[in-house]
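structure-v2.json follows (JSON, C-alpha atoms):
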```
[["chain", "number", "residue", "atom", "x", "y", "z"],
["K", 1, "MET", "CA", 51.37, 54.07, 149.77],
["K", 2, "SER", "CA", 50.96, 53.20, 146.11],
["K", 3, "VAL", "CA", 53.54, 54.22, 143.53],
["K", 4, "GLU", "CA", 50.96, 56.48, 141.87],
["K", 5, "GLN", "CA", 50.37, 58.31, 145.14],
["K", 6, "ALA", "CA", 54.12, 58.60, 145.72],
["K", 7, "TRP", "CA", 54.59, 59.97, 142.22],
["K", 8, "ASN", "CA", 51.78, 62.51, 142.74],
["K", 9, "ASP", "CA", 53.22, 63.55, 146.11],
["K", 10, "MET", "CA", 56.35, 64.69, 144.29],
["K", 11, "GLY", "CA", 54.29, 67.28, 142.48],
["K", 12, "VAL", "CA", 54.17, 65.46, 139.16],
["K", 13, "HIS", "CA", 51.37, 65.96, 136.66],
["K", 14, "GLN", "CA", 49.59, 62.92, 135.32],
["K", 15, "ASP", "CA", 52.12, 60.49, 133.88],
["K", 16, "ASP", "CA", 50.56, 58.47, 131.07],
["K", 17, "ASP", "CA", 53.34, 55.84, 131.27],
["K", 18, "LEU", "CA", 52.81, 55.32, 134.97],
["K", 19, "ALA", "CA", 49.05, 55.28, 134.62],
["K", 20, "ALA", "CA", 49.26, 52.62, 131.91],
["K", 21, "MET", "CA", 51.62, 50.54, 134.02],
["K", 22, "LEU", "CA", 49.30, 50.65, 137.01],
["K", 23, "LYS", "CA", 46.25, 49.97, 134.90],
["K", 24, "GLU", "CA", 47.78, 46.83, 133.39],
["K", 25, "GLY", "CA", 49.37, 45.73, 136.65],
["K", 26, "ALA", "CA", 52.68, 45.29, 134.85],
["K", 27, "ILE", "CA", 54.92, 46.16, 137.78],
["K", 28, "PRO", "CA", 53.43, 45.09, 141.09],
["K", 29, "GLN", "CA", 55.08, 46.35, 144.25],
["K", 30, "PHE", "CA", 57.18, 48.74, 142.19],
["K", 31, "THR", "CA", 58.72, 50.55, 145.13],
["K", 32, "SER", "CA", 60.13, 47.47, 146.86],
["K", 33, "LYS", "CA", 61.13, 45.52, 143.75],
["K", 34, "ASN", "CA", 62.45, 48.30, 141.55],
["K", 35, "PRO", "CA", 65.74, 46.96, 140.07],
["K", 36, "LEU", "CA", 67.16, 50.47, 140.15],
["K", 37, "VAL", "CA", 67.19, 50.22, 143.94],
["K", 38, "LYS", "CA", 69.36, 47.10, 143.75],
["K", 39, "LEU", "CA", 71.61, 48.63, 141.10],
["K", 40, "ARG", "CA", 72.13, 51.73, 143.21],
["K", 41, "LYS", "CA", 72.94, 49.69, 146.33],
["K", 42, "ASN", "CA", 75.48, 47.62, 144.40],
["K", 43, "LEU", "CA", 77.11, 50.76, 143.03],
["K", 44, "LEU", "CA", 77.58, 52.00, 146.57],
["K", 45, "ARG", "CA", 78.86, 48.59, 147.62],
["K", 46, "ASN", "CA", 81.39, 48.76, 144.80],
["K", 47, "VAL", "CA", 82.65, 52.11, 146.01],
["K", 48, "LEU", "CA", 83.03, 50.95, 149.60],
["K", 49, "THR", "CA", 84.71, 47.69, 148.57],
["K", 50, "CYS", "CA", 87.22, 49.41, 146.28],
["K", 51, "ILE", "CA", 88.40, 51.92, 148.87],
["K", 52, "PRO", "CA", 90.49, 49.41, 150.94],
["K", 53, "THR", "CA", 91.95, 47.87, 147.76],
["K", 54, "THR", "CA", 92.87, 51.30, 146.40],
["K", 55, "THR", "CA", 94.47, 52.20, 149.72],
["K", 56, "PHE", "CA", 96.52, 48.99, 149.60],
["K", 57, "PHE", "CA", 97.86, 49.88, 146.14],
["K", 58, "LEU", "CA", 99.04, 53.25, 147.43],
["K", 59, "VAL", "CA", 100.63, 51.85, 150.59],
["K", 60, "ALA", "CA", 102.31, 49.00, 148.68],
["K", 61, "VAL", "CA", 104.12, 51.55, 146.48],
["K", 62, "PHE", "CA", 106.14, 52.60, 149.53],
["K", 63, "ILE", "CA", 106.57, 49.10, 150.95],
["K", 64, "TYR", "CA", 107.93, 47.14, 147.98],
["K", 65, "PRO", "CA", 111.33, 48.39, 146.78],
["K", 66, "VAL", "CA", 110.97, 47.00, 143.24],
["K", 67, "TRP", "CA", 110.51, 49.90, 140.81],
["K", 68, "GLN", "CA", 108.70, 47.77, 138.20],
["K", 69, "ALA", "CA", 106.12, 46.77, 140.80],
["K", 70, "GLN", "CA", 105.83, 50.36, 141.99],
["K", 71, "VAL", "CA", 105.00, 51.58, 138.47],
["K", 72, "ILE", "CA", 102.29, 48.93, 138.10],
["K", 73, "LEU", "CA", 100.89, 49.69, 141.56],
["K", 74, "ILE", "CA", 100.62, 53.37, 140.70],
["K", 75, "LEU", "CA", 98.81, 52.43, 137.49],
["K", 76, "LEU", "CA", 96.40, 50.22, 139.44],
["K", 77, "PHE", "CA", 95.90, 52.96, 142.01],
["K", 78, "VAL", "CA", 95.03, 55.56, 139.36],
["K", 79, "PHE", "CA", 92.58, 53.20, 137.67],
["K", 80, "SER", "CA", 90.95, 52.32, 141.00],
["K", 81, "VAL", "CA", 90.49, 55.99, 141.85],
["K", 82, "CYS", "CA", 88.89, 56.60, 138.44],
["K", 83, "TYR", "CA", 86.66, 53.57, 138.92],
["K", 84, "ILE", "CA", 85.53, 54.75, 142.36],
["K", 85, "TYR", "CA", 84.84, 58.22, 140.98],
["K", 86, "SER", "CA", 82.81, 56.93, 138.01],
["K", 87, "SER", "CA", 80.88, 54.54, 140.27],
["K", 88, "TRP", "CA", 80.07, 57.35, 142.68],
["K", 89, "GLN", "CA", 78.96, 59.66, 139.89],
["K", 90, "LEU", "CA", 76.69, 56.97, 138.48],
["K", 91, "TYR", "CA", 75.38, 56.26, 141.98],
["K", 92, "LYS", "CA", 74.33, 59.89, 142.30],
["K", 93, "GLN", "CA", 72.71, 59.85, 138.86],
["K", 94, "VAL", "CA", 70.61, 56.80, 139.68],
["K", 95, "ASP", "CA", 69.47, 58.63, 142.80],
["K", 96, "ALA", "CA", 67.52, 60.93, 140.44],
["K", 97, "THR", "CA", 65.12, 58.10, 139.58],
["K", 98, "SER", "CA", 62.09, 60.01, 140.78],
["K", 99, "SER", "CA", 62.70, 63.06, 138.62],
["K", 100, "SER", "CA", 59.58, 65.18, 138.43],
["K", 101, "ASP", "CA", 60.20, 66.63, 134.94],
["K", 102, "ARG", "CA", 60.35, 63.37, 132.97],
["K", 103, "PRO", "CA", 57.81, 60.57, 132.43],
["K", 104, "LEU", "CA", 58.54, 57.33, 134.24],
["K", 105, "LEU", "CA", 59.25, 55.39, 131.03],
["K", 106, "ALA", "CA", 61.79, 57.97, 129.88],
["K", 107, "GLU", "CA", 63.52, 57.84, 133.26],
["K", 108, "LEU", "CA", 63.76, 54.03, 133.21],
["K", 109, "LYS", "CA", 65.15, 54.04, 129.66],
["K", 110, "ARG", "CA", 67.71, 56.69, 130.53],
["K", 111, "HIS", "CA", 68.98, 54.81, 133.55],
["K", 112, "HIS", "CA", 69.06, 51.50, 131.69],
["K", 113, "GLN", "CA", 71.16, 52.98, 128.88],
["K", 114, "THR", "CA", 73.51, 54.84, 131.24],
["K", 115, "ILE", "CA", 74.21, 51.87, 133.51],
["K", 116, "LYS", "CA", 74.60, 49.45, 130.60],
["K", 117, "HIS", "CA", 77.09, 51.75, 128.86],
["K", 118, "TRP", "CA", 79.07, 52.23, 132.09],
["K", 119, "LEU", "CA", 79.17, 48.49, 132.75],
["K", 120, "VAL", "CA", 80.45, 47.56, 129.28],
["K", 121, "MET", "CA", 83.01, 50.35, 129.33],
["K", 122, "GLN", "CA", 84.41, 49.26, 132.71],
["K", 123, "GLN", "CA", 84.73, 45.63, 131.61],
["K", 124, "TRP", "CA", 86.86, 46.56, 128.60],
["K", 125, "LEU", "CA", 88.88, 49.28, 130.31],
["K", 126, "VAL", "CA", 90.04, 46.90, 133.03],
["K", 127, "LEU", "CA", 91.07, 44.18, 130.56],
["K", 128, "PRO", "CA", 94.55, 45.62, 129.77],
["K", 129, "LEU", "CA", 95.24, 45.89, 133.52],
["K", 130, "TYR", "CA", 94.98, 42.15, 134.21],
["K", 131, "PRO", "CA", 98.38, 41.23, 132.70],
["K", 132, "PHE", "CA", 100.07, 44.04, 134.64],
["K", 133, "ALA", "CA", 98.35, 43.06, 137.87],
["K", 134, "CYS", "CA", 99.45, 39.45, 137.41],
["K", 135, "LEU", "CA", 103.03, 40.48, 136.66],
["K", 136, "CYS", "CA", 102.97, 42.77, 139.68],
["K", 137, "GLY", "CA", 102.04, 39.78, 141.81],
["K", 138, "PHE", "CA", 105.13, 37.92, 140.59],
["K", 139, "LEU", "CA", 107.39, 40.89, 141.25],
["K", 140, "MET", "CA", 106.02, 41.52, 144.73],
["K", 141, "ARG", "CA", 106.41, 37.83, 145.61],
["K", 142, "LEU", "CA", 110.06, 37.87, 144.56],
["K", 143, "GLY", "CA", 110.59, 40.86, 146.83],
["K", 144, "SER", "CA", 113.81, 42.41, 145.51],
["K", 145, "GLN", "CA", 115.49, 43.47, 142.29],
["K", 146, "GLU", "CA", 118.20, 40.86, 142.79],
["K", 147, "ASN", "CA", 115.68, 38.04, 143.15],
["K", 148, "ILE", "CA", 113.83, 39.24, 140.05],
["K", 149, "THR", "CA", 117.01, 39.26, 137.95],
["K", 150, "THR", "CA", 117.95, 35.78, 139.17],
["K", 151, "PHE", "CA", 114.46, 34.37, 138.67],
["K", 152, "PHE", "CA", 114.09, 35.57, 135.10],
["K", 153, "SER", "CA", 117.59, 34.42, 134.18],
["K", 154, "TYR", "CA", 116.52, 30.78, 134.32],
["K", 155, "GLU", "CA", 115.79, 29.20, 130.96],
["K", 156, "GLY", "CA", 112.11, 29.01, 130.04],
["K", 157, "VAL", "CA", 110.92, 31.15, 132.95],
["K", 158, "VAL", "CA", 109.87, 34.07, 130.75],
["K", 159, "PHE", "CA", 107.78, 31.78, 128.54],
["K", 160, "ILE", "CA", 106.10, 30.18, 131.57],
["K", 161, "VAL", "CA", 105.34, 33.56, 133.11],
["K", 162, "VAL", "CA", 103.85, 34.84, 129.84],
["K", 163, "VAL", "CA", 101.61, 31.76, 129.57],
["K", 164, "ILE", "CA", 100.49, 32.15, 133.17],
["K", 165, "ILE", "CA", 99.71, 35.84, 132.60],
["K", 166, "ILE", "CA", 97.68, 35.09, 129.46],
["K", 167, "VAL", "CA", 95.66, 32.34, 131.15],
["K", 168, "THR", "CA", 95.11, 34.46, 134.26],
["K", 169, "THR", "CA", 93.98, 37.41, 132.15],
["K", 170, "ILE", "CA", 91.39, 35.26, 130.35],
["K", 171, "LEU", "CA", 90.13, 33.82, 133.63],
["K", 172, "CYS", "CA", 89.92, 37.28, 135.22],
["K", 173, "PHE", "CA", 88.01, 38.63, 132.24],
["K", 174, "PHE", "CA", 85.33, 35.96, 132.45],
["K", 175, "ALA", "CA", 85.24, 36.21, 136.25],
["K", 176, "THR", "CA", 84.63, 39.94, 135.88],
["K", 177, "ARG", "CA", 81.80, 39.32, 133.43],
["K", 178, "LEU", "CA", 80.25, 36.83, 135.86],
["K", 179, "LEU", "CA", 80.48, 39.24, 138.79],
["K", 180, "SER", "CA", 79.14, 42.06, 136.63],
["K", 181, "HIS", "CA", 76.13, 39.93, 135.78],
["K", 182, "LEU", "CA", 75.53, 38.99, 139.42],
["K", 183, "PHE", "CA", 75.73, 42.55, 140.71],
["K", 184, "PHE", "CA", 74.40, 44.50, 137.73],
["K", 185, "GLY", "CA", 73.50, 42.44, 134.67],
["K", 186, "ARG", "CA", 70.55, 40.53, 136.12],
["K", 187, "TYR", "CA", 69.03, 43.74, 137.45],
["K", 188, "LEU", "CA", 69.50, 45.41, 134.08],
["K", 189, "ILE", "CA", 67.58, 42.49, 132.55],
["K", 190, "ARG", "CA", 64.75, 43.07, 135.03],
["K", 191, "LEU", "CA", 64.83, 46.76, 134.27],
["K", 192, "ARG", "CA", 64.64, 46.07, 130.54],
["K", 193, "LYS", "CA", 61.69, 43.74, 131.11],
["K", 194, "MET", "CA", 60.00, 46.46, 133.15],
["K", 195, "ILE", "CA", 60.49, 48.92, 130.27],
["K", 196, "GLN", "CA", 59.09, 46.44, 127.73],
["K", 197, "GLU", "CA", 56.03, 45.75, 129.89],
["K", 198, "LEU", "CA", 55.48, 49.48, 130.33],
["K", 199, "GLU", "CA", 55.78, 50.06, 126.59],
["K", 200, "GLY", "CA", 53.36, 47.23, 125.95],
["K", 201, "GLY", "CA", 50.78, 48.88, 128.19],
["K", 202, "GLN", "CA", 50.71, 52.05, 126.14]]
```

Spell out the structure here as structure tokens.
Amino acid sequence: MSVEQAWNDMGVHQDDDLAAMLKEGAIPQFTSKNPLVKLRKNLLRNVLTCIPTTTFFLVAVFIYPVWQAQVILILLFVFSVCYIYSSWQLYKQVDATSSSDRPLLAELKRHHQTIKHWLVMQQWLVLPLYPFACLCGFLMRLGSQENITTFFSYEGVVFIVVVIIIVTTILCFFATRLLSHLFFGRYLIRLRKMIQELEGGQ
């Protein structure tokens, strides 16, 4: 079934954007290669992947007796829950790709803008959490309040830990950007190209 037939089957009146796209052959095999399909799958994958991690944060609060680590774990848990919720909400929005009351071009633009805004916002919101997550790793490794006090009493340890946290934060930030590009960015680029080709066919 062609995309035009599928669009018509949904009870849509003639879509000039879609007709132009089909006429110019700008988006062959639209249904199977639509980047929104990949973006939506990756959003769902994000949700499913984050659930075990979020559960670990909650369980670890009751396992590790260090109050500093517990505070950070609760912070990470709250952020993870918010991230899962926002990902799920966006996943449901992208599911409305075949809306019957908007032209195809308008739908593609709307989804591109929404996903791009969400992606940038998540990258910057998570940035302040990296130092806390790294510090939490130190605290959990030490295991007890007594060990923490002893460890940080050594000369130069605080400086070394701060340097490690800064370096780790920078590495995590760029790693996040790389993963964001692999799972979302490259498909947003394809989606933008699709929009430009559709606009050029008008």

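Atom pair atom CA of Leu105 of chain K / atom CA of Arg190 of chain K: separated by 14.1 Å.
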
Original post:
Could you work out how far atom CA of Tyr91 of chain K lies from atom CA of Leu44 of chain K, giving the answer in Å with one decimal?
Top reply: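 Between these atoms lies a distance of 6.6 Å.
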
How close does each residue of segment 152-197 of chain K get to segment 116-133 of chain K, giving the shortest atom pair and distance in Å to one decimal for every residue with an atom at most 8 Å away, counting all atoms listed in the file, sorted by chain and residue number, as CSV?
```
residue,atom,partner,partner_atom,distance
K:Ile165,CA,K:Pro131,CA,5.6
K:Ile166,CA,K:Pro131,CA,7.0
K:Thr168,CA,K:Pro131,CA,7.7
K:Thr169,CA,K:Tyr130,CA,5.3
K:Cys172,CA,K:Tyr130,CA,7.1
K:Phe173,CA,K:Leu127,CA,6.6
K:Thr176,CA,K:Gln123,CA,7.1
K:Arg177,CA,K:Gln123,CA,7.2
K:Ser180,CA,K:Leu119,CA,7.5
K:Phe184,CA,K:Leu119,CA,8.0
K:Leu188,CA,K:Lys116,CA,7.4
```

**OP:** Identify which of the residues K:Leu178, K:Ile51, K:Val61, K:Ala69 lies closest to Arg141 of chain K, counting only C-alpha atoms when measuring atom-to-atom distances.
**Re:**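 So, comparing all the options, the nearest one is K:Ala69.
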
**OP:** Would you kindly return, as a PyMOL selection string, each protein, DNA or RNA residue with an atom no farther than 9 Å from any atom of Tyr64 of chain K, considering all atoms listed in the file and excluding same-chain residues fewer than 6 positions away?
**Re:** chain K and resi 70+140+143-144

**OP:** Please identify all polymer residues lying at most 9 Å from the point (111.3, 42.1, 140.7) (file coordinates), using all atoms listed in the file, and present the result as a PyMOL selection string.
**Re:** chain K and resi 65-69+136+138-149+151

Write the residues of the selection above to a file with C-alpha atoms, as a compact mmCIF listing (two decimals), in the frame of the given file.
```
# COMPACT_ATOMS: atom_id res chain seq x y z
CA PRO K 65 111.33 48.39 146.78
CA VAL K 66 110.97 47.00 143.24
CA TRP K 67 110.51 49.90 140.81
CA GLN K 68 108.70 47.77 138.20
CA ALA K 69 106.12 46.77 140.80
CA CYS K 136 102.97 42.77 139.68
CA PHE K 138 105.13 37.92 140.59
CA LEU K 139 107.39 40.89 141.25
CA MET K 140 106.02 41.52 144.73
CA ARG K 141 106.41 37.83 145.61
CA LEU K 142 110.06 37.87 144.56
CA GLY K 143 110.59 40.86 146.83
CA SER K 144 113.81 42.41 145.51
CA GLN K 145 115.49 43.47 142.29
CA GLU K 146 118.20 40.86 142.79
CA ASN K 147 115.68 38.04 143.15
CA ILE K 148 113.83 39.24 140.05
CA THR K 149 117.01 39.26 137.95
CA PHE K 151 114.46 34.37 138.67
```

**OP:** Work out how far atom CA of Val158 of chain K is from atom CA of Thr53 of chain K, in Å to one decimal.
**Re:**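 Going from atom CA of Thr53 of chain K over to atom CA of Val158 of chain K, I get 28.3 Å.
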